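Have a look at data_36.cif; it's mmCIF, C-alpha atoms; chains and numbers go by the auth columns:
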data_structure
#
loop_
_atom_site.group_PDB
_atom_site.id
_atom_site.type_symbol
_atom_site.label_atom_id
_atom_site.label_comp_id
_atom_site.label_asym_id
_atom_site.label_seq_id
_atom_site.Cartn_x
_atom_site.Cartn_y
_atom_site.Cartn_z
_atom_site.B_iso_or_equiv
_atom_site.auth_seq_id
_atom_site.auth_asym_id
ATOM 1 C CA MET A 1 97.265 109.614 85.393 0.00 247 A
ATOM 2 C CA THR A 2 97.618 110.313 89.128 0.00 248 A
ATOM 3 C CA ASP A 3 96.068 113.031 91.248 0.00 249 A
ATOM 4 C CA THR A 4 99.433 114.812 91.478 0.00 250 A
ATOM 5 C CA ASN A 5 99.659 115.556 87.763 0.00 251 A
ATOM 6 C CA MET A 6 95.987 116.184 87.047 0.00 252 A
ATOM 7 C CA THR A 7 94.565 119.656 87.085 0.00 253 A
ATOM 8 C CA PRO A 8 91.651 120.216 89.476 0.00 254 A
ATOM 9 C CA ASP A 9 89.289 120.498 86.525 0.00 255 A
ATOM 10 C CA ALA A 10 90.348 117.079 85.214 0.00 256 A
ATOM 11 C CA ARG A 11 89.786 115.177 88.426 0.00 257 A
ATOM 12 C CA ALA A 12 86.846 112.842 88.692 0.00 258 A
ATOM 13 C CA ARG A 13 84.106 113.692 91.131 0.00 259 A
ATOM 14 C CA VAL A 14 84.743 112.284 94.613 0.00 260 A
ATOM 15 C CA GLU A 15 81.998 109.815 95.496 0.00 261 A
ATOM 16 C CA PRO A 16 81.192 108.252 98.885 0.00 262 A
ATOM 17 C CA ASP A 17 82.740 104.924 97.881 0.00 263 A
ATOM 18 C CA ALA A 18 83.692 102.244 100.405 0.00 264 A
ATOM 19 C CA HIS A 19 87.460 101.985 100.893 0.00 265 A
ATOM 20 C CA SER A 20 89.322 99.815 103.370 0.00 266 A
ATOM 21 C CA PRO A 21 92.641 101.118 104.760 0.00 267 A
ATOM 22 C CA SER A 22 95.702 100.049 102.793 0.00 268 A
ATOM 23 C CA LEU A 23 97.695 99.254 105.946 0.00 269 A
ATOM 24 C CA PHE A 24 97.766 99.625 109.716 0.00 270 A
ATOM 25 C CA ALA A 25 100.169 102.547 110.132 0.00 271 A
ATOM 26 C CA HIS A 26 100.941 102.903 113.842 0.00 272 A
ATOM 27 C CA PHE A 27 99.608 103.050 117.366 0.00 273 A
ATOM 28 C CA VAL A 28 100.437 105.420 120.207 0.00 274 A
ATOM 29 C CA LEU A 29 101.014 104.612 123.863 0.00 275 A
ATOM 30 C CA GLN A 30 101.066 107.115 126.689 0.00 276 A
ATOM 31 C CA THR A 31 102.905 106.231 129.861 0.00 277 A
ATOM 32 C CA ALA A 32 104.358 107.581 133.065 0.00 278 A
ATOM 33 C CA ASN A 33 107.007 104.848 132.786 0.00 279 A
ATOM 34 C CA TYR A 34 108.653 106.263 129.674 0.00 280 A
ATOM 35 C CA GLU A 35 112.175 104.846 129.699 0.00 281 A
ATOM 36 C CA ALA A 36 111.114 101.311 130.614 0.00 282 A
ATOM 37 C CA VAL A 37 108.311 101.202 128.050 0.00 283 A
ATOM 38 C CA ARG A 38 110.491 102.642 125.266 0.00 284 A
ATOM 39 C CA ASN A 39 113.321 100.218 125.980 0.00 285 A
ATOM 40 C CA TRP A 40 110.941 97.249 126.194 0.00 286 A
ATOM 41 C CA TYR A 41 109.499 97.897 122.729 0.00 287 A
ATOM 42 C CA LEU A 42 112.931 98.575 121.282 0.00 288 A
ATOM 43 C CA THR A 43 113.961 95.128 122.513 0.00 289 A
ATOM 44 C CA VAL A 44 110.792 93.157 121.772 0.00 290 A
ATOM 45 C CA LEU A 45 110.218 94.577 118.286 0.00 291 A
ATOM 46 C CA ASN A 46 113.933 94.797 117.432 0.00 292 A
ATOM 47 C CA ALA A 47 113.063 98.390 116.581 0.00 293 A
ATOM 48 C CA GLN A 48 115.003 101.558 115.866 0.00 294 A
ATOM 49 C CA VAL A 49 114.449 105.065 117.199 0.00 295 A
ATOM 50 C CA VAL A 50 113.300 107.524 114.541 0.00 296 A
ATOM 51 C CA TYR A 51 112.764 110.440 116.934 0.00 297 A
ATOM 52 C CA ASP A 52 113.198 110.840 120.686 0.00 298 A
ATOM 53 C CA ARG A 53 112.875 114.308 122.212 0.00 299 A
ATOM 54 C CA HIS A 54 110.702 116.159 124.694 0.00 300 A
ATOM 55 C CA GLY A 55 109.031 113.038 126.056 0.00 301 A
ATOM 56 C CA LEU A 56 107.977 111.692 122.656 0.00 302 A
ATOM 57 C CA CYS A 57 109.575 108.938 120.635 0.00 303 A
ATOM 58 C CA PHE A 58 108.798 107.248 117.326 0.00 304 A
ATOM 59 C CA LEU A 59 109.945 103.683 116.721 0.00 305 A
ATOM 60 C CA THR A 60 109.982 101.603 113.554 0.00 306 A
ATOM 61 C CA TYR A 61 111.068 98.114 112.557 0.00 307 A
ATOM 62 C CA ASP A 62 110.260 98.095 108.817 0.00 308 A
ATOM 63 C CA ASP A 63 109.765 100.501 105.899 0.00 309 A
ATOM 64 C CA GLU A 64 107.078 102.577 107.635 0.00 310 A
ATOM 65 C CA HIS A 65 108.414 105.856 109.073 0.00 311 A
ATOM 66 C CA HIS A 66 107.035 104.866 112.482 0.00 312 A
ATOM 67 C CA ARG A 67 104.967 101.972 113.747 0.00 313 A
ATOM 68 C CA LEU A 68 104.782 103.028 117.380 0.00 314 A
ATOM 69 C CA ALA A 69 104.861 106.331 119.218 0.00 315 A
ATOM 70 C CA ILE A 70 105.313 106.654 122.974 0.00 316 A
ATOM 71 C CA ARG A 71 104.288 109.783 124.893 0.00 317 A
ATOM 72 C CA HIS A 72 105.605 110.582 128.347 0.00 318 A
ATOM 73 C CA VAL A 73 102.773 111.834 130.562 0.00 319 A
ATOM 74 C CA PRO A 74 104.178 111.861 134.127 0.00 320 A
ATOM 75 C CA ASP A 75 100.934 112.001 136.116 0.00 321 A
ATOM 76 C CA LEU A 76 99.123 109.113 134.436 0.00 322 A
ATOM 77 C CA GLN A 77 97.528 106.459 136.619 0.00 323 A
ATOM 78 C CA PRO A 78 97.231 102.764 135.719 0.00 324 A
ATOM 79 C CA PRO A 79 93.807 101.702 134.405 0.00 325 A
ATOM 80 C CA ARG A 80 91.415 100.096 136.816 0.00 326 A
ATOM 81 C CA SER A 81 91.141 96.331 136.694 0.00 327 A
ATOM 82 C CA GLY A 82 88.146 95.265 134.654 0.00 328 A
ATOM 83 C CA SER A 83 88.103 98.369 132.458 0.00 329 A
ATOM 84 C CA TRP A 84 87.023 97.974 128.858 0.00 330 A
ATOM 85 C CA GLY A 85 89.185 98.925 125.916 0.00 331 A
ATOM 86 C CA LEU A 86 92.224 97.457 124.193 0.00 332 A
ATOM 87 C CA HIS A 87 92.915 93.835 125.125 0.00 333 A
ATOM 88 C CA HIS A 88 96.128 93.168 123.188 0.00 334 A
ATOM 89 C CA LEU A 89 98.115 93.919 120.038 0.00 335 A
ATOM 90 C CA ALA A 90 99.501 91.151 117.815 0.00 336 A
ATOM 91 C CA TYR A 91 102.623 91.015 115.652 0.00 337 A
ATOM 92 C CA ALA A 92 103.129 88.242 113.084 0.00 338 A
ATOM 93 C CA TYR A 93 106.414 86.598 112.101 0.00 339 A
ATOM 94 C CA PRO A 94 106.999 85.013 108.693 0.00 340 A
ATOM 95 C CA THR A 95 108.154 81.622 109.985 0.00 341 A
ATOM 96 C CA LEU A 96 108.025 79.463 113.084 0.00 342 A
ATOM 97 C CA ARG A 97 111.812 79.634 113.249 0.00 343 A
ATOM 98 C CA ALA A 98 111.650 83.446 113.448 0.00 344 A
ATOM 99 C CA LEU A 99 109.119 83.276 116.289 0.00 345 A
ATOM 100 C CA LEU A 100 111.186 80.728 118.219 0.00 346 A
ATOM 101 C CA SER A 101 114.376 82.721 117.634 0.00 347 A
ATOM 102 C CA THR A 102 112.629 85.832 118.972 0.00 348 A
ATOM 103 C CA TYR A 103 111.447 83.882 122.015 0.00 349 A
ATOM 104 C CA LEU A 104 115.057 82.891 122.792 0.00 350 A
ATOM 105 C CA ARG A 105 116.387 86.423 122.220 0.00 351 A
ATOM 106 C CA LEU A 106 113.795 87.899 124.561 0.00 352 A
ATOM 107 C CA LYS A 107 114.332 85.154 127.137 0.00 353 A
ATOM 108 C CA HIS A 108 118.042 86.015 127.195 0.00 354 A
ATOM 109 C CA ALA A 109 117.038 89.670 127.739 0.00 355 A
ATOM 110 C CA GLY A 110 114.889 88.664 130.716 0.00 356 A
ATOM 111 C CA ILE A 111 111.557 89.045 128.863 0.00 357 A
ATOM 112 C CA ARG A 112 109.359 85.951 129.094 0.00 358 A
ATOM 113 C CA PRO A 113 105.865 85.215 127.812 0.00 359 A
ATOM 114 C CA TYR A 114 103.071 84.703 130.335 0.00 360 A
ATOM 115 C CA TRP A 115 101.040 82.518 127.938 0.00 361 A
ATOM 116 C CA THR A 116 102.180 80.278 125.072 0.00 362 A
ATOM 117 C CA ILE A 117 99.490 78.532 123.074 0.00 363 A
ATOM 118 C CA ASN A 118 98.566 76.940 119.783 0.00 364 A
ATOM 119 C CA HIS A 119 95.279 78.645 118.931 0.00 365 A
ATOM 120 C CA GLY A 120 94.877 76.562 115.779 0.00 366 A
ATOM 121 C CA PRO A 121 95.193 79.358 113.223 0.00 367 A
ATOM 122 C CA THR A 122 98.342 80.609 114.992 0.00 368 A
ATOM 123 C CA ILE A 123 101.035 79.643 117.453 0.00 369 A
ATOM 124 C CA SER A 124 101.120 82.611 119.814 0.00 370 A
ATOM 125 C CA PHE A 125 103.355 83.845 122.618 0.00 371 A
ATOM 126 C CA TYR A 126 101.845 86.548 124.835 0.00 372 A
ATOM 127 C CA TYR A 127 103.878 89.140 126.741 0.00 373 A
ATOM 128 C CA ARG A 128 103.134 92.139 128.975 0.00 374 A
ATOM 129 C CA ASP A 129 105.011 95.406 128.582 0.00 375 A
ATOM 130 C CA PRO A 130 106.134 97.323 131.706 0.00 376 A
ATOM 131 C CA ASP A 131 102.714 99.013 131.920 0.00 377 A
ATOM 132 C CA GLY A 132 100.854 95.723 131.528 0.00 378 A
ATOM 133 C CA THR A 133 99.791 96.158 127.886 0.00 379 A
ATOM 134 C CA GLN A 134 99.504 92.717 126.341 0.00 380 A
ATOM 135 C CA ILE A 135 101.493 91.968 123.184 0.00 381 A
ATOM 136 C CA GLU A 136 101.041 88.806 121.113 0.00 382 A
ATOM 137 C CA LEU A 137 103.864 87.493 118.931 0.00 383 A
ATOM 138 C CA GLN A 138 102.538 84.899 116.498 0.00 384 A
ATOM 139 C CA VAL A 139 103.093 82.820 113.404 0.00 385 A
ATOM 140 C CA ASP A 140 100.332 81.594 111.113 0.00 386 A
ATOM 141 C CA ASN A 141 99.725 77.848 111.005 0.00 387 A
ATOM 142 C CA PHE A 142 97.981 77.968 107.628 0.00 388 A
ATOM 143 C CA HIS A 143 99.337 79.078 104.269 0.00 389 A
ATOM 144 C CA THR A 144 96.279 81.125 103.287 0.00 390 A
ATOM 145 C CA LYS A 145 93.605 83.174 105.032 0.00 391 A
ATOM 146 C CA GLU A 146 91.000 80.931 103.405 0.00 392 A
ATOM 147 C CA GLU A 147 92.437 77.899 105.218 0.00 393 A
ATOM 148 C CA ALA A 148 92.420 79.817 108.506 0.00 394 A
ATOM 149 C CA ALA A 149 88.816 80.911 107.937 0.00 395 A
ATOM 150 C CA ALA A 150 87.832 77.304 107.265 0.00 396 A
ATOM 151 C CA PHE A 151 89.338 76.312 110.613 0.00 397 A
ATOM 152 C CA PHE A 152 87.230 78.960 112.374 0.00 398 A
ATOM 153 C CA HIS A 153 84.108 77.321 110.941 0.00 399 A
ATOM 154 C CA GLY A 154 85.190 73.748 111.650 0.00 400 A
ATOM 155 C CA GLU A 155 84.325 71.347 114.447 0.00 401 A
ATOM 156 C CA ASP A 156 87.670 71.662 116.255 0.00 402 A
ATOM 157 C CA PHE A 157 87.238 75.404 116.743 0.00 403 A
ATOM 158 C CA ALA A 158 83.584 74.985 117.757 0.00 404 A
ATOM 159 C CA VAL A 159 84.681 72.603 120.522 0.00 405 A
ATOM 160 C CA ASN A 160 87.760 74.624 121.540 0.00 406 A
ATOM 161 C CA PRO A 161 87.922 78.302 120.511 0.00 407 A
ATOM 162 C CA VAL A 162 90.796 78.996 122.947 0.00 408 A
ATOM 163 C CA GLY A 163 93.604 76.637 121.935 0.00 409 A
ATOM 164 C CA VAL A 164 96.038 74.263 123.596 0.00 410 A
ATOM 165 C CA LYS A 165 98.909 75.474 125.750 0.00 411 A
ATOM 166 C CA LEU A 166 102.407 74.610 124.620 0.00 412 A
ATOM 167 C CA ASP A 167 105.903 74.534 126.078 0.00 413 A
ATOM 168 C CA PRO A 168 108.134 76.745 123.897 0.00 414 A
ATOM 169 C CA GLU A 169 111.270 74.881 124.959 0.00 415 A
ATOM 170 C CA ALA A 170 109.725 71.566 123.894 0.00 416 A
ATOM 171 C CA LEU A 171 108.623 73.175 120.634 0.00 417 A
ATOM 172 C CA ILE A 172 112.195 74.322 119.961 0.00 418 A
ATOM 173 C CA ARG A 173 113.513 70.808 120.622 0.00 419 A
ATOM 174 C CA ALA A 174 110.924 69.314 118.278 0.00 420 A
ATOM 175 C CA TYR A 175 111.735 71.893 115.599 0.00 421 A
ATOM 176 C CA GLU A 176 115.481 71.281 115.859 0.00 422 A
ATOM 177 C CA SER A 177 115.001 67.504 115.739 0.00 423 A
ATOM 178 C CA GLY A 178 113.346 67.772 112.340 0.00 424 A
ATOM 179 C CA VAL A 179 109.683 67.225 113.174 0.00 425 A
ATOM 180 C CA PRO A 180 107.745 68.268 110.027 0.00 426 A
ATOM 181 C CA GLN A 181 106.402 71.811 110.045 0.00 427 A
ATOM 182 C CA ALA A 182 102.842 70.631 109.445 0.00 428 A
ATOM 183 C CA GLU A 183 103.017 68.445 112.532 0.00 429 A
ATOM 184 C CA LEU A 184 104.401 71.255 114.681 0.00 430 A
ATOM 185 C CA ALA A 185 101.620 73.570 113.508 0.00 431 A
ATOM 186 C CA ARG A 186 98.796 71.064 114.012 0.00 432 A
ATOM 187 C CA ARG A 187 96.819 71.839 117.155 0.00 433 A
ATOM 188 C CA PRO A 188 96.328 68.807 119.385 0.00 434 A
ATOM 189 C CA ARG A 189 93.026 68.002 121.031 0.00 435 A
ATOM 190 C CA LEU A 190 92.527 68.603 124.728 0.00 436 A
ATOM 191 C CA ALA A 191 93.754 65.734 126.859 0.00 437 A
ATOM 192 C CA PRO A 192 91.171 63.762 128.843 0.00 438 A
ATOM 193 C CA GLY A 193 90.099 65.803 131.859 0.00 439 A
ATOM 194 C CA GLN A 194 91.352 69.121 130.453 0.00 440 A
ATOM 195 C CA THR A 195 88.928 72.017 130.043 0.00 441 A
ATOM 196 C CA LEU A 196 89.006 75.353 128.227 0.00 442 A
ATOM 197 C CA ASP A 197 89.707 77.079 131.538 0.00 443 A
ATOM 198 C CA ASP A 198 92.910 75.024 131.805 0.00 444 A
ATOM 199 C CA MET A 199 94.060 76.533 128.505 0.00 445 A
ATOM 200 C CA ARG A 200 93.578 80.155 129.541 0.00 446 A
ATOM 201 C CA PRO A 201 96.406 82.153 131.164 0.00 447 A
#
As structure tokens, please, write out the structure in this file.
Amino acid sequence: MTDTNMTPDARARVEPDAHSPSLFAHFVLQTANYEAVRNWYLTVLNAQVVYDRHGLCFLTYDDEHHRLAIRHVPDLQPPRSGSWGLHHLAYAYPTLRALLSTYLRLKHAGIRPYWTINHGPTISFYYRDPDGTQIELQVDNFHTKEEAAAFFHGEDFAVNPVGVKLDPEALIRAYESGVPQAELARRPRLAPGQTLDDMRP
């Protein structure tokens, strides 16, 4: 019996139980650069407009009514360099092919990543929106979260928690030539003379 068809008297007492959210619903951006930011997310997320009036738009790309809202606030100023707060948002794709296809689609639209890297648990392409907000597009390299967690606690991650940069064009060529998926996902070790700083953007 659900809450909707139970009388108030029949409901169980509400206790201070621990509940995790069932999903991440949406985030909201505010910008003085409304048109450019809206159009960028429409392109990058392959999204649709749910609502767009009076300097407010809702966008979605799946079965949620909106995953992103954008507010137009004309007098906003860009954040100061070195400010704390949000670093980046990440979106996952179901397959490496989907990530590579998205990379090509965005490249043809003039949107290019500033950092492409195999972190180990993921292959990730990082972009900046017109306001400089960082967006990660990624695919998981492991089949389960337990395998990814094991990598975090392994020697390879202890030595290199950043990852190894990759060339997306070379990755596409390797994918199309039939290199096994497991080999494409496997993170190589740093080459002799390379440091973690060399792997950062």
Who sits within 10 Å of Tyr307 in chain A, all atoms listed in the file, same chain under 4 positions skipped, as a count of residues only: 11
Point (97.0, 101.1, 123.9), cut-off 10 Å, counting all atoms listed in the file, residues as an MDAnalysis selection string: chainID A and resid 273:277 331:335 379:380
Report as an MDAnalysis selection string the residues that result from applying the PyMOL selection byres ((chain A and resi 316-321) around 10) to the structure here. chainID A and resid 273:281 283:284 287 298 300:305 314:315 322:324
Just how far from CA of Leu412 in chain A is CA of Ile363 in chain A, in Å to one decimal?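 About the pair CA of Ile363 in chain A and CA of Leu412 in chain A: they are 5.1 Å apart.
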List the residues matched by the PyMOL selection byres ((chain A and resi 424-436) around 12) in the displayed structure as a PDB file with C-alpha atoms, in the frame of the given file, ordered by chain and then by residue number.
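Below you can see result23.pdb, which holds the result:
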ATOM      1  CA  THR A 341     108.154  81.622 109.985  1.00  0.00           C
ATOM      2  CA  LEU A 342     108.025  79.463 113.084  1.00  0.00           C
ATOM      3  CA  ARG A 343     111.812  79.634 113.249  1.00  0.00           C
ATOM      4  CA  ILE A 363      99.490  78.532 123.074  1.00  0.00           C
ATOM      5  CA  ASN A 364      98.566  76.940 119.783  1.00  0.00           C
ATOM      6  CA  HIS A 365      95.279  78.645 118.931  1.00  0.00           C
ATOM      7  CA  GLY A 366      94.877  76.562 115.779  1.00  0.00           C
ATOM      8  CA  PRO A 367      95.193  79.358 113.223  1.00  0.00           C
ATOM      9  CA  THR A 368      98.342  80.609 114.992  1.00  0.00           C
ATOM     10  CA  ILE A 369     101.035  79.643 117.453  1.00  0.00           C
ATOM     11  CA  SER A 370     101.120  82.611 119.814  1.00  0.00           C
ATOM     12  CA  GLN A 384     102.538  84.899 116.498  1.00  0.00           C
ATOM     13  CA  VAL A 385     103.093  82.820 113.404  1.00  0.00           C
ATOM     14  CA  ASP A 386     100.332  81.594 111.113  1.00  0.00           C
ATOM     15  CA  ASN A 387      99.725  77.848 111.005  1.00  0.00           C
ATOM     16  CA  PHE A 388      97.981  77.968 107.628  1.00  0.00           C
ATOM     17  CA  HIS A 389      99.337  79.078 104.269  1.00  0.00           C
ATOM     18  CA  PHE A 397      89.338  76.312 110.613  1.00  0.00           C
ATOM     19  CA  GLU A 401      84.325  71.347 114.447  1.00  0.00           C
ATOM     20  CA  ASP A 402      87.670  71.662 116.255  1.00  0.00           C
ATOM     21  CA  PHE A 403      87.238  75.404 116.743  1.00  0.00           C
ATOM     22  CA  VAL A 405      84.681  72.603 120.522  1.00  0.00           C
ATOM     23  CA  ASN A 406      87.760  74.624 121.540  1.00  0.00           C
ATOM     24  CA  PRO A 407      87.922  78.302 120.511  1.00  0.00           C
ATOM     25  CA  VAL A 408      90.796  78.996 122.947  1.00  0.00           C
ATOM     26  CA  GLY A 409      93.604  76.637 121.935  1.00  0.00           C
ATOM     27  CA  VAL A 410      96.038  74.263 123.596  1.00  0.00           C
ATOM     28  CA  LYS A 411      98.909  75.474 125.750  1.00  0.00           C
ATOM     29  CA  LEU A 412     102.407  74.610 124.620  1.00  0.00           C
ATOM     30  CA  ASP A 413     105.903  74.534 126.078  1.00  0.00           C
ATOM     31  CA  PRO A 414     108.134  76.745 123.897  1.00  0.00           C
ATOM     32  CA  ALA A 416     109.725  71.566 123.894  1.00  0.00           C
ATOM     33  CA  LEU A 417     108.623  73.175 120.634  1.00  0.00           C
ATOM     34  CA  ILE A 418     112.195  74.322 119.961  1.00  0.00           C
ATOM     35  CA  ARG A 419     113.513  70.808 120.622  1.00  0.00           C
ATOM     36  CA  ALA A 420     110.924  69.314 118.278  1.00  0.00           C
ATOM     37  CA  TYR A 421     111.735  71.893 115.599  1.00  0.00           C
ATOM     38  CA  GLU A 422     115.481  71.281 115.859  1.00  0.00           C
ATOM     39  CA  SER A 423     115.001  67.504 115.739  1.00  0.00           C
ATOM     40  CA  ALA A 437      93.754  65.734 126.859  1.00  0.00           C
ATOM     41  CA  PRO A 438      91.171  63.762 128.843  1.00  0.00           C
ATOM     42  CA  GLY A 439      90.099  65.803 131.859  1.00  0.00           C
ATOM     43  CA  GLN A 440      91.352  69.121 130.453  1.00  0.00           C
ATOM     44  CA  THR A 441      88.928  72.017 130.043  1.00  0.00           C
ATOM     45  CA  LEU A 442      89.006  75.353 128.227  1.00  0.00           C
ATOM     46  CA  ASP A 443      89.707  77.079 131.538  1.00  0.00           C
ATOM     47  CA  ASP A 444      92.910  75.024 131.805  1.00  0.00           C
ATOM     48  CA  MET A 445      94.060  76.533 128.505  1.00  0.00           C
TER      49      MET A 445
END
Go through range 286-362 of chain A and flag each residue having an atom no more than 7 Å from range 373-378 of chain A; for those, report the closest pair of atoms plus their distance in Å to one decimal, using all atoms listed in the file, ordered by chain and rising number, as JSON lines.
{"residue": "A:Trp286", "atom": "CA", "partner": "A:Asp375", "partner_atom": "CA", "distance": 6.7}
{"residue": "A:Arg358", "atom": "CA", "partner": "A:Tyr373", "partner_atom": "CA", "distance": 6.8}
{"residue": "A:Pro359", "atom": "CA", "partner": "A:Tyr373", "partner_atom": "CA", "distance": 4.5}
{"residue": "A:Tyr360", "atom": "CA", "partner": "A:Tyr373", "partner_atom": "CA", "distance": 5.8}
Box centre and edge lengths (Å, one decimal), axis-aligned, range 433-445 of chain A plus 5 Å each side, as JSON:
{"center_x": 92.9, "center_y": 70.4, "center_z": 124.5, "size_x": 17.9, "size_y": 23.3, "size_z": 24.7}
